[in-house]
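Colleague: Submitted below is the structure of interest, expressed as structure tokens.
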Amino acid sequence: MAGADSASLYHPTSKLSKPSACRKTNIYTLVVILCVVSYLVGSYQKGAALISSAKTTTSNVLNVPCAKTSTAGNHRLDFSSHHNATGLAAEATVVKKYPRCGVEYSEYTPCEDHGRSLRYTRTRMIYRERHCPEREKGEILKCRIPAPAGYRNPFPWPKSRDLAWFANVPHRELTVEKAGQNWIRFEGNRFRFPGGGTMFPKGADAYIDNIGKLINLRDGSIRSAIDTGCGVASWGAFLLSRDILTMSLAPRDTHEAQVQFALERGVPALIGVLASKRLPFPSRAFDMAHCSRCLIRWAEYDGVYLNEVDRLLRPGGFWVLSGPPINWKRHWKGWERTKEDLNEEQTKLENVAKSLCWKKLVEKGDIAIWQKPKNHLDCKANHKRPFCQAEDPDKAWYTDMQTCLSPLPEVSGREETAGRALKTWPKRLNAVPPRISMGTVEGVTAETFNKDSELWRKRLSHYKKVNNQLGKPGRYRNLLDMNAYLGGFAAALIDDPVWVMNVVPVQAKVNTLGVIYERGLIGTYQDWCEAMSTYPRTYDLIHADSVFSLYSNRCEMEDIVLEMDRILRPEGSVIIRDDVDVLLKLKRIVSGMEWDSQIVDHEDGPLHRHKLLFAVKKYWTAPSPSNHH
């Protein structure tokens, strides 16, 4: 188990708490007595009632408490297959083994596969968008993605911000290609990230300080940001110390493994590109958007990409641009472009920004900043770009980008913020989000929200009792919540040195991702019948609440688990909440994937039909090249 202290590792099959103080003989006596009584009762009722009872049993956990000393952890777990509720016992002995894929798949990203992308047009970068394997063509892999030989557990945060193991991301291309820009250095068996970037060779910290002289980054009004064309995500990495959470975005492209480096550093990131589809985020999600020489053609195609940034920005949000064409009079020779060409590009860009009703706040040195209006009252009176009619601005899963302006919620006065102003961070985390208080999220009220927050604090406390590593700084950094609802799981973890990618499945009954962003958290839309836009070994811990019930009869359970295995690090952990019958099926699947697992009771006790499956992915890698014959 390279790179980790095996003595401190969490194993789901280890005992949950100290052994009971009761003598074993007392327990066995008690069990015998219970069995005799049970037999007599069954005989008396001629078996009918007992059979009926067996069909509705909700637990495969045998509780044998000691008098007056029972705790949540003092139970003995029984994982044999005698739970018969749906006739599972007969098939429980069959465990399907899922083979390991070849080493050539160690960085496989199914929906951003280079070979598949070549079938699509290069116009507007469409070939770099999501293009997933087709089930009908047998393109879905049924094997487990290997870690590269020599893989080690990443450095713990905050050390990981500056260091990553070479063996984990064995690519040196960027160290050569970006050598003069201080992005990344190769030192022995590791990479070092000095924090540089194309437009900030002196480092991201100094660059962010320059932005901070132009807009306030310290008062909590800016919490969520998006970085398009993020490089190795140094901008997002260094904003974290200012309590600003950034979604770093880059395509899977010629700059090998940009997003993979970001994730190894413990920085939130997704594979993504501005092309023809909306980015998988709701409207009014981010306080700030950023592009530092990201090479996106903002002024082309009737400004469709800047129009998408407008959809994503909150009322009053900022767009920060550095690099071409900003400050072209100084840089035009270095950029190897003509003055006329750059001047024309800046003029077009300024015109697109005006058509969005943005106000240019400042252009100083290499940085320019625009601000989106607080509402659309003046924009509607003097609009230069048509407003979208009868479309849902939050719909963003394989949804075509548009050049029409996404209208903001109505206001009654010029000074009013459309959709209501958010509290500053950290107050916004637990304040009732405006989307809920305005009644725009079906079935969710302020009371629902507050109860959900309280529920997740209780659940997290239970999780930490079962998995003692969850409360230890450094064990986990990148977390995924596969069905986040209102973001309660992430909110309960806010004081821990972790970040959570909150997923709202596109099949969820209610679209709550806008609420999650209004809390100052981040997330994305996802269909779990498809692969996620991320590299293998992205997450240290995956949480799945009722995911498998949601996808029942939609796609194969094993395909979802194989995707979880792909994006989970070796020795990463999984917590799955679901109906006990679902968990029994899952336990058999994960047994064929080299996961250790254990089913434990719901936090409310053994009589609850929902249970929890805790699992750990075992450490294994592709064989080292020296082992190949």
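FYI, nothing fancy with the structure tokens labels: chains A, B, ... in order, residues from 1 per chain, ligands from 1 as they appear.
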Can you pull out every residue from range 153-216 of chain A that DSSP, working from the backbone, puts in alpha helix (DSSP H), and format the result as a VMD selection string?
Modeller: chain A and resid 173 to 177 204 to 212
Colleague: With N, CA and C atoms retained, could you export that selection as a short mmCIF file (atom, residue, chain, number, x, y, z; two decimals), in the first residue's frame?
Modeller:
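The resulting file, part-v9.cif, is reproduced below:
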data_model
loop_
_atom_site.label_atom_id
_atom_site.label_comp_id
_atom_site.auth_asym_id
_atom_site.auth_seq_id
_atom_site.Cartn_x
_atom_site.Cartn_y
_atom_site.Cartn_z
N GLU A 173 5.50 16.30 -20.51
CA GLU A 173 5.37 17.22 -21.64
C GLU A 173 5.25 18.68 -21.19
N LEU A 174 4.41 18.93 -20.17
CA LEU A 174 4.20 20.31 -19.74
C LEU A 174 5.45 20.92 -19.13
N THR A 175 6.30 20.10 -18.51
CA THR A 175 7.52 20.64 -17.90
C THR A 175 8.45 21.19 -18.96
N VAL A 176 8.36 20.64 -20.17
CA VAL A 176 9.18 21.13 -21.29
C VAL A 176 8.46 22.27 -22.00
N GLU A 177 7.18 22.02 -22.33
CA GLU A 177 6.41 22.97 -23.14
C GLU A 177 6.21 24.30 -22.42
N ALA A 204 0.73 32.68 -9.14
CA ALA A 204 -0.71 32.94 -9.04
C ALA A 204 -1.05 33.85 -7.86
N ASP A 205 -0.31 33.71 -6.75
CA ASP A 205 -0.61 34.54 -5.57
C ASP A 205 -0.49 36.02 -5.89
N ALA A 206 0.61 36.40 -6.53
CA ALA A 206 0.83 37.81 -6.88
C ALA A 206 -0.22 38.28 -7.90
N TYR A 207 -0.55 37.40 -8.84
CA TYR A 207 -1.56 37.72 -9.86
C TYR A 207 -2.93 37.94 -9.21
N ILE A 208 -3.30 37.05 -8.27
CA ILE A 208 -4.59 37.19 -7.57
C ILE A 208 -4.60 38.46 -6.73
N ASP A 209 -3.45 38.79 -6.13
CA ASP A 209 -3.36 40.05 -5.37
C ASP A 209 -3.63 41.25 -6.28
N ASN A 210 -3.14 41.18 -7.53
CA ASN A 210 -3.40 42.27 -8.49
C ASN A 210 -4.89 42.38 -8.81
N ILE A 211 -5.56 41.21 -8.97
CA ILE A 211 -7.01 41.24 -9.20
C ILE A 211 -7.71 41.82 -7.96
N GLY A 212 -7.20 41.44 -6.78
CA GLY A 212 -7.78 41.91 -5.52
C GLY A 212 -7.67 43.40 -5.30
#
Colleague: Quick one, how far is CA of Pro170 in chain A from CA of Asn478 in chain A?
Modeller: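 Pair CA of Pro170 in chain A / CA of Asn478 in chain A returns 20.2 Å.
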Colleague: Quick check for you: according to DSSP on this backbone, which residues of range 269-449 of chain A are classed as strand (DSSP E)? Reply as number ranges by chain.
Modeller: A: 269-271, 286-292, 313-322, 359-364, 367-371
Colleague: Quick one: residues within 9 Å of range 397-406 of chain A, only C-alpha atoms counted, chain neighbours fewer than 4 positions away excluded, as a PyMOL selection string?
Modeller: chain A and resi 130+275-281+283+301-305+307-308+310-311+356+385-389+391-393+506+525-527
Colleague: Rank nothing, just name the residue among A:Lys618, A:Asp287, A:Leu313, A:Leu342 nearest to Asn216 in chain A, using only C-alpha atoms.
Modeller: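 The closest residue to Asn216 in chain A is A:Asp287.
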Colleague: Could you check how far CA of Lys395 in chain A sits from CA of Leu249 in chain A, in Å to one decimal?
Modeller: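 Atom-to-atom, CA of Lys395 in chain A and CA of Leu249 in chain A are spaced 19.0 Å apart.
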Colleague: So how many Å separate CA of Met501 in chain A and CA of Leu295 in chain A, to one decimal?
Modeller: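 Separating CA of Met501 in chain A from CA of Leu295 in chain A is a distance of 26.4 Å.
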Colleague: If we count only C-alpha atoms, what is near Asp113 in chain A at a cut-off of 12 Å, once residues fewer than 3 positions away on the same chain are taken out, given as a VMD selection string?
Modeller: chain A and resid 105 107 to 110 116 to 120 127 to 133 139 251 to 253 271 531 533 to 535
Colleague: Determine the nearest neighbour of Asp540 in chain A from the options A:Leu583, A:Ile226, A:Ile494, A:Ala615, counting only C-alpha atoms.
Modeller: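 Of the candidates, the smallest distance to Asp540 in chain A is held by A:Ala615.
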Colleague: Let me make sure I understand: among A:Leu493, A:Pro426, A:Gly272, A:Glu264, which one has the smallest atom-to-atom distance to Arg218 in chain A if we use only C-alpha atoms?
Modeller: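 Comparing A:Leu493, A:Pro426, A:Gly272, A:Glu264 against Arg218 in chain A, the winner is A:Pro426.
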